[in-house]
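One file, protein_15.cif, carrying mmCIF, C-alpha atoms:
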data_data
loop_
_atom_site.group_PDB
_atom_site.id
_atom_site.type_symbol
_atom_site.label_atom_id
_atom_site.label_comp_id
_atom_site.auth_asym_id
_atom_site.auth_seq_id
_atom_site.Cartn_x
_atom_site.Cartn_y
_atom_site.Cartn_z
ATOM 1 C CA MET A 117 -72.538 -3.847 -8.931
ATOM 2 C CA LYS A 118 -69.792 -1.466 -7.791
ATOM 3 C CA TYR A 119 -70.676 1.036 -5.093
ATOM 4 C CA ALA A 120 -68.866 4.125 -3.835
ATOM 5 C CA ILE A 121 -70.102 5.175 -0.401
ATOM 6 C CA GLN A 122 -69.785 8.572 1.275
ATOM 7 C CA VAL A 123 -70.403 8.826 5.035
ATOM 8 C CA ASN A 124 -71.093 12.363 6.224
ATOM 9 C CA ALA A 125 -72.297 12.006 9.814
ATOM 10 C CA GLY A 126 -70.547 11.057 13.028
ATOM 11 C CA PRO A 127 -71.628 7.932 14.878
ATOM 12 C CA CYS A 128 -73.036 9.843 17.870
ATOM 13 C CA SER A 129 -75.026 12.493 16.051
ATOM 14 C CA ALA A 130 -77.088 10.511 13.568
ATOM 15 C CA GLN A 131 -78.154 7.056 12.513
ATOM 16 C CA SER A 132 -76.721 7.407 9.035
ATOM 17 C CA ALA A 133 -73.210 6.041 9.757
ATOM 18 C CA ARG A 134 -74.674 2.825 11.100
ATOM 19 C CA THR A 135 -77.139 2.659 8.209
ATOM 20 C CA ALA A 136 -74.193 2.979 5.815
ATOM 21 C CA TYR A 137 -72.376 0.189 7.629
ATOM 22 C CA GLN A 138 -75.417 -2.080 7.451
ATOM 23 C CA PHE A 139 -75.908 -1.287 3.772
ATOM 24 C CA ILE A 140 -72.295 -2.220 3.060
ATOM 25 C CA LYS A 141 -72.607 -5.517 4.949
ATOM 26 C CA ALA A 142 -75.790 -6.358 3.041
ATOM 27 C CA ALA A 143 -74.199 -5.412 -0.298
ATOM 28 C CA LEU A 144 -71.172 -7.611 0.430
ATOM 29 C CA ASP A 145 -73.465 -10.500 1.354
ATOM 30 C CA LYS A 146 -74.991 -10.200 -2.113
ATOM 31 C CA ASP A 147 -71.546 -10.193 -3.758
ATOM 32 C CA HIS A 148 -71.543 -6.526 -4.699
ATOM 33 C CA GLU A 149 -68.272 -4.632 -4.696
ATOM 34 C CA ILE A 150 -67.547 -1.580 -2.526
ATOM 35 C CA VAL A 151 -64.841 0.420 -4.312
ATOM 36 C CA CYS A 152 -64.435 2.968 -1.526
ATOM 37 C CA VAL A 153 -65.964 4.259 1.684
ATOM 38 C CA PHE A 154 -65.149 7.950 1.941
ATOM 39 C CA PHE A 155 -65.530 9.703 5.290
ATOM 40 C CA TYR A 156 -66.290 13.394 4.804
ATOM 41 C CA HIS A 157 -67.788 16.276 6.794
ATOM 42 C CA ASP A 158 -68.554 15.061 10.339
ATOM 43 C CA GLY A 159 -68.261 11.496 9.032
ATOM 44 C CA VAL A 160 -64.545 11.680 9.858
ATOM 45 C CA TYR A 161 -65.503 11.185 13.519
ATOM 46 C CA ASN A 162 -66.096 7.537 12.662
ATOM 47 C CA ALA A 163 -62.319 7.079 12.779
ATOM 48 C CA LEU A 164 -62.010 8.163 16.423
ATOM 49 C CA ARG A 165 -61.502 5.118 18.619
ATOM 50 C CA SER A 166 -59.198 5.899 21.529
ATOM 51 C CA GLY A 167 -60.679 6.219 24.978
ATOM 52 C CA LEU A 168 -64.084 4.770 24.172
ATOM 53 C CA SER A 169 -65.623 2.606 26.883
ATOM 54 C CA ALA A 170 -66.616 -0.947 25.936
ATOM 55 C CA GLU A 171 -70.237 0.148 25.847
ATOM 56 C CA ASP A 172 -69.563 3.158 23.642
ATOM 57 C CA LYS A 173 -67.453 1.072 21.304
ATOM 58 C CA ASP A 174 -70.606 -0.852 20.444
ATOM 59 C CA SER A 175 -72.314 2.344 19.350
ATOM 60 C CA VAL A 176 -69.642 3.054 16.708
ATOM 61 C CA PRO A 177 -69.823 0.812 13.646
ATOM 62 C CA PRO A 178 -66.789 -1.526 13.529
ATOM 63 C CA TRP A 179 -65.399 0.008 10.322
ATOM 64 C CA PRO A 180 -61.894 -1.480 10.641
ATOM 65 C CA ASP A 181 -63.460 -4.962 10.347
ATOM 66 C CA LEU A 182 -64.508 -4.063 6.793
ATOM 67 C CA ALA A 183 -60.893 -3.313 5.927
ATOM 68 C CA ASP A 184 -59.533 -6.390 7.732
ATOM 69 C CA LYS A 185 -62.057 -8.972 6.592
ATOM 70 C CA HIS A 186 -63.138 -7.633 3.225
ATOM 71 C CA GLY A 187 -60.200 -5.477 2.159
ATOM 72 C CA ILE A 188 -62.421 -2.439 1.743
ATOM 73 C CA ASP A 189 -60.727 0.900 1.177
ATOM 74 C CA LEU A 190 -61.772 3.179 4.048
ATOM 75 C CA VAL A 191 -60.633 6.686 3.143
ATOM 76 C CA LEU A 192 -60.588 9.437 5.731
ATOM 77 C CA CYS A 193 -60.614 12.918 4.221
ATOM 78 C CA VAL A 194 -57.504 14.620 5.538
ATOM 79 C CA SER A 195 -58.751 18.200 5.232
ATOM 80 C CA ALA A 196 -62.085 17.446 6.931
ATOM 81 C CA ALA A 197 -60.229 15.641 9.742
ATOM 82 C CA GLN A 198 -57.722 18.456 10.200
ATOM 83 C CA ARG A 199 -60.484 21.043 10.236
ATOM 84 C CA ARG A 200 -61.976 19.190 13.215
ATOM 85 C CA GLY A 201 -58.668 18.891 15.042
ATOM 86 C CA MET A 202 -58.503 15.138 14.604
ATOM 87 C CA PRO A 203 -55.245 13.221 14.521
ATOM 88 C CA THR A 204 -54.710 11.987 10.988
ATOM 89 C CA THR A 205 -52.341 9.182 11.860
ATOM 90 C CA GLY A 206 -52.943 5.839 13.484
ATOM 91 C CA ALA A 207 -56.611 5.474 12.581
ATOM 92 C CA ASP A 208 -56.795 1.667 12.437
ATOM 93 C CA GLY A 209 -57.988 0.324 9.128
ATOM 94 C CA PHE A 210 -58.498 3.796 7.659
ATOM 95 C CA ARG A 211 -56.384 5.327 4.928
ATOM 96 C CA ILE A 212 -55.718 9.039 4.869
ATOM 97 C CA GLY A 213 -56.798 10.522 1.571
ATOM 98 C CA GLY A 214 -58.565 13.375 -0.085
ATOM 99 C CA LEU A 215 -61.293 14.370 -2.487
ATOM 100 C CA GLY A 216 -59.189 13.131 -5.400
ATOM 101 C CA GLN A 217 -59.612 9.547 -4.164
ATOM 102 C CA TRP A 218 -63.338 10.168 -3.784
ATOM 103 C CA MET A 219 -63.674 11.442 -7.351
ATOM 104 C CA ASP A 220 -61.673 8.496 -8.581
ATOM 105 C CA ALA A 221 -64.022 6.127 -6.741
ATOM 106 C CA CYS A 222 -67.098 7.931 -8.147
ATOM 107 C CA LEU A 223 -65.797 7.462 -11.676
ATOM 108 C CA LYS A 224 -65.102 3.759 -11.103
ATOM 109 C CA ALA A 225 -68.414 2.956 -9.410
ATOM 110 C CA ASP A 226 -71.758 2.058 -10.968
ATOM 111 C CA ARG A 227 -73.600 3.712 -8.078
ATOM 112 C CA VAL A 228 -72.689 6.451 -5.620
ATOM 113 C CA LEU A 229 -74.518 6.541 -2.312
ATOM 114 C CA VAL A 230 -74.310 9.380 0.215
ATOM 115 C CA PHE A 231 -75.273 8.689 3.823
ATOM 116 C CA GLY A 232 -75.995 11.672 6.042
ATOM 117 C CA GLY A 233 -76.388 14.146 3.185
ATOM 118 C CA MET B 114 -77.337 22.143 -1.324
ATOM 119 C CA ARG B 115 -80.151 22.663 1.108
ATOM 120 C CA SER B 116 -78.724 23.905 4.390
ATOM 121 C CA ALA B 117 -78.470 27.467 5.674
ATOM 122 C CA PRO B 118 -75.137 29.367 5.669
ATOM 123 C CA ARG B 119 -74.561 29.074 9.410
ATOM 124 C CA ASN B 120 -72.865 25.701 9.000
ATOM 125 C CA GLY B 121 -69.744 27.220 7.439
ATOM 126 C CA ALA B 122 -67.476 24.174 7.437
ATOM 127 C CA ARG B 123 -70.085 22.085 5.700
ATOM 128 C CA VAL B 124 -70.633 24.652 2.952
ATOM 129 C CA ARG B 125 -66.916 25.055 2.384
ATOM 130 C CA GLU B 126 -66.401 21.300 2.199
ATOM 131 C CA SER B 127 -69.309 20.823 -0.180
ATOM 132 C CA LEU B 128 -67.850 23.433 -2.514
ATOM 133 C CA ASP B 129 -64.428 21.789 -2.232
ATOM 134 C CA MET B 130 -66.075 18.614 -3.512
ATOM 135 C CA ALA B 131 -67.720 20.475 -6.417
ATOM 136 C CA MET B 132 -64.429 22.138 -7.362
ATOM 137 C CA THR B 133 -62.528 18.851 -7.152
ATOM 138 C CA ALA B 134 -65.068 17.263 -9.497
ATOM 139 C CA ALA B 135 -64.601 20.180 -11.918
ATOM 140 C CA ALA B 136 -60.824 19.721 -11.670
ATOM 141 C CA PHE B 137 -61.397 16.109 -12.758
ATOM 142 C CA ASP B 138 -63.005 17.457 -15.928
ATOM 143 C CA GLN B 139 -66.510 16.601 -14.821
ATOM 144 C CA ALA B 140 -69.390 18.911 -15.691
ATOM 145 C CA VAL B 141 -70.664 20.163 -12.335
ATOM 146 C CA ARG B 142 -73.980 21.840 -11.605
ATOM 147 C CA LEU B 143 -75.240 23.078 -8.266
ATOM 148 C CA LEU B 144 -78.862 23.114 -7.192
ATOM 149 C CA MET B 145 -80.033 25.212 -4.247
ATOM 150 C CA LEU B 146 -83.109 24.013 -2.424
ATOM 151 C CA ASP B 147 -84.915 25.009 0.767
ATOM 152 C CA ASP B 148 -82.691 27.083 3.103
ATOM 153 C CA GLY B 149 -79.806 26.457 0.696
ATOM 154 C CA VAL B 150 -80.982 29.510 -1.271
ATOM 155 C CA PHE B 151 -79.791 31.722 1.609
ATOM 156 C CA LEU B 152 -76.220 30.670 0.763
ATOM 157 C CA LEU B 153 -76.364 32.985 -2.244
ATOM 158 C CA LYS B 154 -78.051 35.934 -0.578
ATOM 159 C CA ARG B 155 -76.512 39.382 -0.938
ATOM 160 C CA GLY B 156 -75.576 41.427 2.084
ATOM 161 C CA GLN B 157 -73.879 38.742 4.172
ATOM 162 C CA ARG B 158 -71.375 40.193 6.616
ATOM 163 C CA PHE B 159 -69.027 39.106 9.359
ATOM 164 C CA GLU B 160 -70.976 38.497 12.527
ATOM 165 C CA PRO B 161 -69.567 39.217 15.993
ATOM 166 C CA ASN B 162 -70.192 35.575 16.925
ATOM 167 C CA GLY B 163 -67.540 34.432 14.452
ATOM 168 C CA LEU B 164 -69.735 33.434 11.510
ATOM 169 C CA LYS B 165 -68.227 34.305 8.155
ATOM 170 C CA PRO B 166 -70.060 35.206 4.947
ATOM 171 C CA VAL B 167 -70.219 32.282 2.518
ATOM 172 C CA ALA B 168 -71.437 34.184 -0.558
ATOM 173 C CA PRO B 169 -67.845 35.035 -1.689
ATOM 174 C CA LEU B 170 -67.145 31.296 -1.973
ATOM 175 C CA PHE B 171 -69.888 31.068 -4.573
ATOM 176 C CA GLU B 172 -68.686 34.171 -6.397
ATOM 177 C CA ALA B 173 -65.322 32.402 -6.836
ATOM 178 C CA LEU B 174 -66.864 29.223 -8.288
ATOM 179 C CA ALA B 175 -66.772 30.474 -11.878
ATOM 180 C CA LEU B 176 -62.955 30.512 -11.637
ATOM 181 C CA TYR B 177 -63.137 26.764 -11.087
ATOM 182 C CA ASP B 178 -65.464 26.089 -14.019
ATOM 183 C CA VAL B 179 -68.547 25.602 -11.870
ATOM 184 C CA GLU B 180 -70.900 28.031 -13.563
ATOM 185 C CA ASP B 181 -74.261 26.340 -13.748
ATOM 186 C CA VAL B 182 -76.157 27.138 -10.582
ATOM 187 C CA PHE B 183 -79.851 26.303 -10.317
ATOM 188 C CA VAL B 184 -82.289 27.585 -7.726
ATOM 189 C CA GLU B 185 -85.752 26.226 -7.043
ATOM 190 C CA ARG B 186 -88.434 28.866 -7.593
ATOM 191 C CA GLU B 187 -90.611 27.737 -4.683
ATOM 192 C CA SER B 188 -87.660 27.829 -2.244
ATOM 193 C CA LEU B 189 -86.893 31.411 -3.267
ATOM 194 C CA ARG B 190 -90.492 32.522 -3.116
ATOM 195 C CA GLY B 191 -91.079 30.884 0.261
ATOM 196 C CA ARG B 192 -88.245 32.965 1.693
ATOM 197 C CA HIS B 193 -89.337 36.221 0.053
ATOM 198 C CA LEU B 194 -86.270 36.283 -2.206
ATOM 199 C CA THR B 195 -85.862 36.963 -5.907
ATOM 200 C CA THR B 196 -82.867 36.366 -8.175
ATOM 201 C CA GLU B 197 -82.034 40.074 -7.646
ATOM 202 C CA ASP B 198 -81.169 39.224 -4.038
ATOM 203 C CA LEU B 199 -78.518 36.696 -5.068
ATOM 204 C CA VAL B 200 -74.786 37.300 -5.562
ATOM 205 C CA ILE B 201 -74.392 35.277 -8.755
ATOM 206 C CA PRO B 202 -76.541 34.667 -11.840
ATOM 207 C CA VAL B 203 -78.675 31.541 -11.454
ATOM 208 C CA ARG B 204 -81.162 29.546 -13.456
ATOM 209 C CA VAL B 205 -84.544 29.229 -11.807
ATOM 210 C CA VAL B 206 -86.353 25.882 -11.971
ATOM 211 C CA GLU B 207 -89.855 24.904 -10.897
ATOM 212 C CA ARG B 208 -90.236 22.271 -8.193
ATOM 213 C CA ALA B 209 -92.073 20.099 -10.708
ATOM 214 C CA ASP B 210 -88.955 20.052 -12.912
ATOM 215 C CA ILE B 211 -86.427 19.118 -10.208
ATOM 216 C CA ALA B 212 -86.864 15.375 -10.702
ATOM 217 C CA GLY B 213 -86.249 15.738 -14.429
ATOM 218 C CA LEU B 214 -83.196 17.913 -13.778
ATOM 219 C CA THR B 215 -81.612 15.408 -11.388
ATOM 220 C CA ALA B 216 -82.375 12.562 -13.786
ATOM 221 C CA GLU B 217 -80.207 14.278 -16.438
ATOM 222 C CA HIS B 218 -77.096 13.724 -14.307
ATOM 223 C CA ASP B 219 -74.940 10.641 -13.838
ATOM 224 C CA LEU B 220 -74.195 11.428 -10.195
ATOM 225 C CA VAL B 221 -76.203 13.379 -7.662
ATOM 226 C CA ILE B 222 -74.631 14.224 -4.313
ATOM 227 C CA SER B 223 -76.671 15.994 -1.654
ATOM 228 C CA CYS B 224 -74.798 18.354 0.611
#
Spell out the structure here as structure tokens.
Amino acid sequence: MKYAIQVNAGPCSAQSARTAYQFIKAALDKDHEIVCVFFYHDGVYNALRSGLSAEDKDSVPPWPDLADKHGIDLVLCVSAAQRRGMPTTGADGFRIGGLGQWMDACLKADRVLVFGG
Amino acid sequence: MRSAPRNGARVRESLDMAMTAAAFDQAVRLLMLDDGVFLLKRGQRFEPNGLKPVAPLFEALALYDVEDVFVERESLRGRHLTTEDLVIPVRVVERADIAGLTAEHDLVISC
């Protein structure tokens, strides 16, 4: 089955980002396809990496691994990131995109799941 | 949509998503539940603490072909509101019918 995933919460404020990550890992293990992971609302904070201590790094799901190892399209919403003053360049493994990519993914997927709604 | 207007960025972004879907020629409907009904309340004004009214965002939705807005009757009643208190025309649904309403749609995104 093809899934489109939206992540709407930052890694420090809620469990839902990690739950999304674990869902994706489990889906991949069962040979499902993830067409897109779209980071929206406070979910864009998942792309912040610089300056984290080793301990804190463990608390943020290792999203870039999904791009590296599984070729998953991690899309960071540019307007949500800009609204929060985040740099929109150099986010490892993430692609800068917009709601158009999200809609495209929704139309391609069999299921759409929203984490942190 | 089920959160109160005070989270302005979230509301704005949720509506951006609805309008983008409409721009992709998808039929979009909004459903207001719980404190989400306050989003549509008349009489919102600029607050000294920097909060902006969100009701005008909803008044503009019709321009983007998002015209079907549903409100749950129990959520309205629980907050002592009627449809007269809202800035746009809405369709009122009973809580018992919400499951059937969501089942009619291909995609449901909670905001």
Dump as a list in words the residues of chain A that approach chain B to within 7 Å, counting all atoms listed in the file. His157, Leu215, Gly216, Met219, Val228, Val230 and Gly233 of chain A
Resolved residues for the PyMOL selection byres ((chain B and resi 192) around 12) as a list in words: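 Selection result, ordered by chain and number: Ala117, Leu146, Asp147, Asp148, Gly149, Val150, Phe151, Lys154, Glu185, Arg186, Glu187, Ser188, Leu189, Arg190, Gly191, His193, Leu194, Thr195, Thr196 and Asp198 of chain B.
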Keeping only C-alpha atoms, write the selected residues to a file as a PDB file, keeping the file's coordinate frame.
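The resulting file, result.pdb, is shown below:
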ATOM      1  CA  ALA B 117     -78.470  27.467   5.674  1.00  0.00           C
ATOM      2  CA  LEU B 146     -83.109  24.013  -2.424  1.00  0.00           C
ATOM      3  CA  ASP B 147     -84.915  25.009   0.767  1.00  0.00           C
ATOM      4  CA  ASP B 148     -82.691  27.083   3.103  1.00  0.00           C
ATOM      5  CA  GLY B 149     -79.806  26.457   0.696  1.00  0.00           C
ATOM      6  CA  VAL B 150     -80.982  29.510  -1.271  1.00  0.00           C
ATOM      7  CA  PHE B 151     -79.791  31.722   1.609  1.00  0.00           C
ATOM      8  CA  LYS B 154     -78.051  35.934  -0.578  1.00  0.00           C
ATOM      9  CA  GLU B 185     -85.752  26.226  -7.043  1.00  0.00           C
ATOM     10  CA  ARG B 186     -88.434  28.866  -7.593  1.00  0.00           C
ATOM     11  CA  GLU B 187     -90.611  27.737  -4.683  1.00  0.00           C
ATOM     12  CA  SER B 188     -87.660  27.829  -2.244  1.00  0.00           C
ATOM     13  CA  LEU B 189     -86.893  31.411  -3.267  1.00  0.00           C
ATOM     14  CA  ARG B 190     -90.492  32.522  -3.116  1.00  0.00           C
ATOM     15  CA  GLY B 191     -91.079  30.884   0.261  1.00  0.00           C
ATOM     16  CA  HIS B 193     -89.337  36.221   0.053  1.00  0.00           C
ATOM     17  CA  LEU B 194     -86.270  36.283  -2.206  1.00  0.00           C
ATOM     18  CA  THR B 195     -85.862  36.963  -5.907  1.00  0.00           C
ATOM     19  CA  THR B 196     -82.867  36.366  -8.175  1.00  0.00           C
ATOM     20  CA  ASP B 198     -81.169  39.224  -4.038  1.00  0.00           C
TER      21      ASP B 198
END
One decimal, Å: what's the distance from atom CA of Thr204 of chain A over to atom CA of Ser129 of chain A, could you say?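 Answer for the atom CA of Thr204 of chain A to atom CA of Ser129 of chain A separation: 20.9 Å.
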For the provided coordinates, the residues matched by the PyMOL selection byres ((chain A and resi 136-145) around 9) should be stated as a ChimeraX atom specification. /A:117,119,121-123,131-135,146-150,177-179,182,186,229-232
Residue IDs satisfying the PyMOL selection byres ((chain A and resi 224) around 10), as a list in words: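 Evaluating the PyMOL selection byres ((chain A and resi 224) around 10) on this file yields Lys118, Tyr119, Ala120, Val151, Cys152, Trp218, Met219, Asp220, Ala221, Cys222, Leu223, Ala225, Asp226, Arg227 and Val228 of chain A.
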C-alpha atoms of the current selection, written as an mmCIF file, keeping the file's coordinate frame:
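Here's the written file part_8.cif:
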data_model
loop_
_atom_site.group_PDB
_atom_site.id
_atom_site.type_symbol
_atom_site.label_atom_id
_atom_site.label_comp_id
_atom_site.auth_asym_id
_atom_site.auth_seq_id
_atom_site.Cartn_x
_atom_site.Cartn_y
_atom_site.Cartn_z
ATOM 1 C CA LYS A 118 -69.792 -1.466 -7.791
ATOM 2 C CA TYR A 119 -70.676 1.036 -5.093
ATOM 3 C CA ALA A 120 -68.866 4.125 -3.835
ATOM 4 C CA VAL A 151 -64.841 0.420 -4.312
ATOM 5 C CA CYS A 152 -64.435 2.968 -1.526
ATOM 6 C CA TRP A 218 -63.338 10.168 -3.784
ATOM 7 C CA MET A 219 -63.674 11.442 -7.351
ATOM 8 C CA ASP A 220 -61.673 8.496 -8.581
ATOM 9 C CA ALA A 221 -64.022 6.127 -6.741
ATOM 10 C CA CYS A 222 -67.098 7.931 -8.147
ATOM 11 C CA LEU A 223 -65.797 7.462 -11.676
ATOM 12 C CA ALA A 225 -68.414 2.956 -9.410
ATOM 13 C CA ASP A 226 -71.758 2.058 -10.968
ATOM 14 C CA ARG A 227 -73.600 3.712 -8.078
ATOM 15 C CA VAL A 228 -72.689 6.451 -5.620
#
Given the point (-63.4, 11.1, 5.5) in the coordinates of this file, which residues lie within 8 Å, counting only C-alpha atoms, and how would they look as a list in words?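 It turns out the residues near that spot are Val123, Asn124, Phe154, Phe155, Tyr156, His157, Gly159, Val160, Val191, Leu192, Cys193, Val194, Ala196, Ala197, Ile212, Gly213 and Gly214 of chain A.
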Top pick for closest residue to Gly156 of chain B, considering B:His218, B:Ala173, B:Gly213, B:Val200 and counting only C-alpha atoms: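 The closest residue to Gly156 of chain B is B:Val200.
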Report the distance between atom CA of Phe159 of chain B and atom CA of Leu128 of chain B in Å, rounded to one decimal place.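 A separation of 19.7 Å between them.
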Put the listed atoms of segment 150-167 of chain B in a box along x, y and z with 3 Å added on every side and give me the centre and edge lengths in Å to one decimal, as lines of an AutoDock Vina configuration file.
center_x = -74.3
center_y = 35.5
center_z = 7.3
size_x = 19.4
size_y = 17.9
size_z = 25.2
Using all atoms listed in the file for the distances, tell me which of B:Arg119, B:Ile201, B:Leu214, B:Val182 is nearest to Val167 of chain B. B:Arg119
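The coordinates place atom CA of Ile188 of chain A at 20.5 Å from atom CA of Lys173 of chain A.
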Name all residues at most 12 Å from Arg158 of chain B (count only C-alpha atoms; drop same-chain ones fewer than 5 positions away) and give them as a PyMOL selection string. chain B and resi 118-119+163-169
Take segment 184-199 of chain B, bring it up to N, CA, C and O atoms, and give me the output as an mmCIF file, keeping the file's coordinate frame.
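The resulting selection27.cif:
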data_model
loop_
_atom_site.group_PDB
_atom_site.id
_atom_site.type_symbol
_atom_site.label_atom_id
_atom_site.label_comp_id
_atom_site.auth_asym_id
_atom_site.auth_seq_id
_atom_site.Cartn_x
_atom_site.Cartn_y
_atom_site.Cartn_z
ATOM 1 N N VAL B 184 -81.583 27.286 -8.971
ATOM 2 C CA VAL B 184 -82.289 27.585 -7.726
ATOM 3 C C VAL B 184 -83.755 27.230 -7.926
ATOM 4 O O VAL B 184 -84.344 27.526 -8.977
ATOM 5 N N GLU B 185 -84.343 26.602 -6.920
ATOM 6 C CA GLU B 185 -85.752 26.226 -7.043
ATOM 7 C C GLU B 185 -86.644 27.443 -6.777
ATOM 8 O O GLU B 185 -86.477 28.141 -5.775
ATOM 9 N N ARG B 186 -87.581 27.681 -7.690
ATOM 10 C CA ARG B 186 -88.434 28.866 -7.593
ATOM 11 C C ARG B 186 -89.230 28.902 -6.281
ATOM 12 O O ARG B 186 -89.301 29.931 -5.605
ATOM 13 N N GLU B 187 -89.789 27.768 -5.891
ATOM 14 C CA GLU B 187 -90.611 27.737 -4.683
ATOM 15 C C GLU B 187 -89.789 28.025 -3.426
ATOM 16 O O GLU B 187 -90.280 28.633 -2.475
ATOM 17 N N SER B 188 -88.513 27.566 -3.412
ATOM 18 C CA SER B 188 -87.660 27.829 -2.244
ATOM 19 C C SER B 188 -87.369 29.315 -2.121
ATOM 20 O O SER B 188 -87.355 29.884 -1.030
ATOM 21 N N LEU B 189 -87.122 29.963 -3.269
ATOM 22 C CA LEU B 189 -86.893 31.411 -3.267
ATOM 23 C C LEU B 189 -88.136 32.144 -2.781
ATOM 24 O O LEU B 189 -88.075 32.961 -1.861
ATOM 25 N N ARG B 190 -89.256 31.797 -3.399
ATOM 26 C CA ARG B 190 -90.492 32.522 -3.116
ATOM 27 C C ARG B 190 -90.885 32.354 -1.648
ATOM 28 O O ARG B 190 -91.308 33.300 -0.991
ATOM 29 N N GLY B 191 -90.703 31.160 -1.135
ATOM 30 C CA GLY B 191 -91.079 30.884 0.261
ATOM 31 C C GLY B 191 -90.246 31.674 1.255
ATOM 32 O O GLY B 191 -90.601 31.790 2.429
ATOM 33 N N ARG B 192 -89.116 32.197 0.799
ATOM 34 C CA ARG B 192 -88.245 32.965 1.693
ATOM 35 C C ARG B 192 -88.208 34.443 1.282
ATOM 36 O O ARG B 192 -87.303 35.184 1.683
ATOM 37 N N HIS B 193 -89.191 34.827 0.491
ATOM 38 C CA HIS B 193 -89.337 36.221 0.053
ATOM 39 C C HIS B 193 -88.079 36.739 -0.637
ATOM 40 O O HIS B 193 -87.635 37.857 -0.407
ATOM 41 N N LEU B 194 -87.459 35.892 -1.456
ATOM 42 C CA LEU B 194 -86.270 36.283 -2.206
ATOM 43 C C LEU B 194 -86.582 36.246 -3.700
ATOM 44 O O LEU B 194 -87.473 35.515 -4.139
ATOM 45 N N THR B 195 -85.822 37.066 -4.455
ATOM 46 C CA THR B 195 -85.862 36.963 -5.907
ATOM 47 C C THR B 195 -84.416 36.782 -6.378
ATOM 48 O O THR B 195 -83.479 36.898 -5.568
ATOM 49 N N THR B 196 -84.232 36.548 -7.674
ATOM 50 C CA THR B 196 -82.867 36.366 -8.175
ATOM 51 C C THR B 196 -82.039 37.649 -8.008
ATOM 52 O O THR B 196 -80.824 37.604 -7.977
ATOM 53 N N GLU B 197 -82.727 38.793 -7.883
ATOM 54 C CA GLU B 197 -82.034 40.074 -7.646
ATOM 55 C C GLU B 197 -81.300 40.085 -6.310
ATOM 56 O O GLU B 197 -80.362 40.852 -6.101
ATOM 57 N N ASP B 198 -81.772 39.256 -5.381
ATOM 58 C CA ASP B 198 -81.169 39.224 -4.038
ATOM 59 C C ASP B 198 -79.933 38.338 -3.981
ATOM 60 O O ASP B 198 -79.308 38.211 -2.929
ATOM 61 N N LEU B 199 -79.598 37.692 -5.103
ATOM 62 C CA LEU B 199 -78.518 36.696 -5.068
ATOM 63 C C LEU B 199 -77.223 37.253 -5.664
ATOM 64 O O LEU B 199 -77.262 38.112 -6.546
#
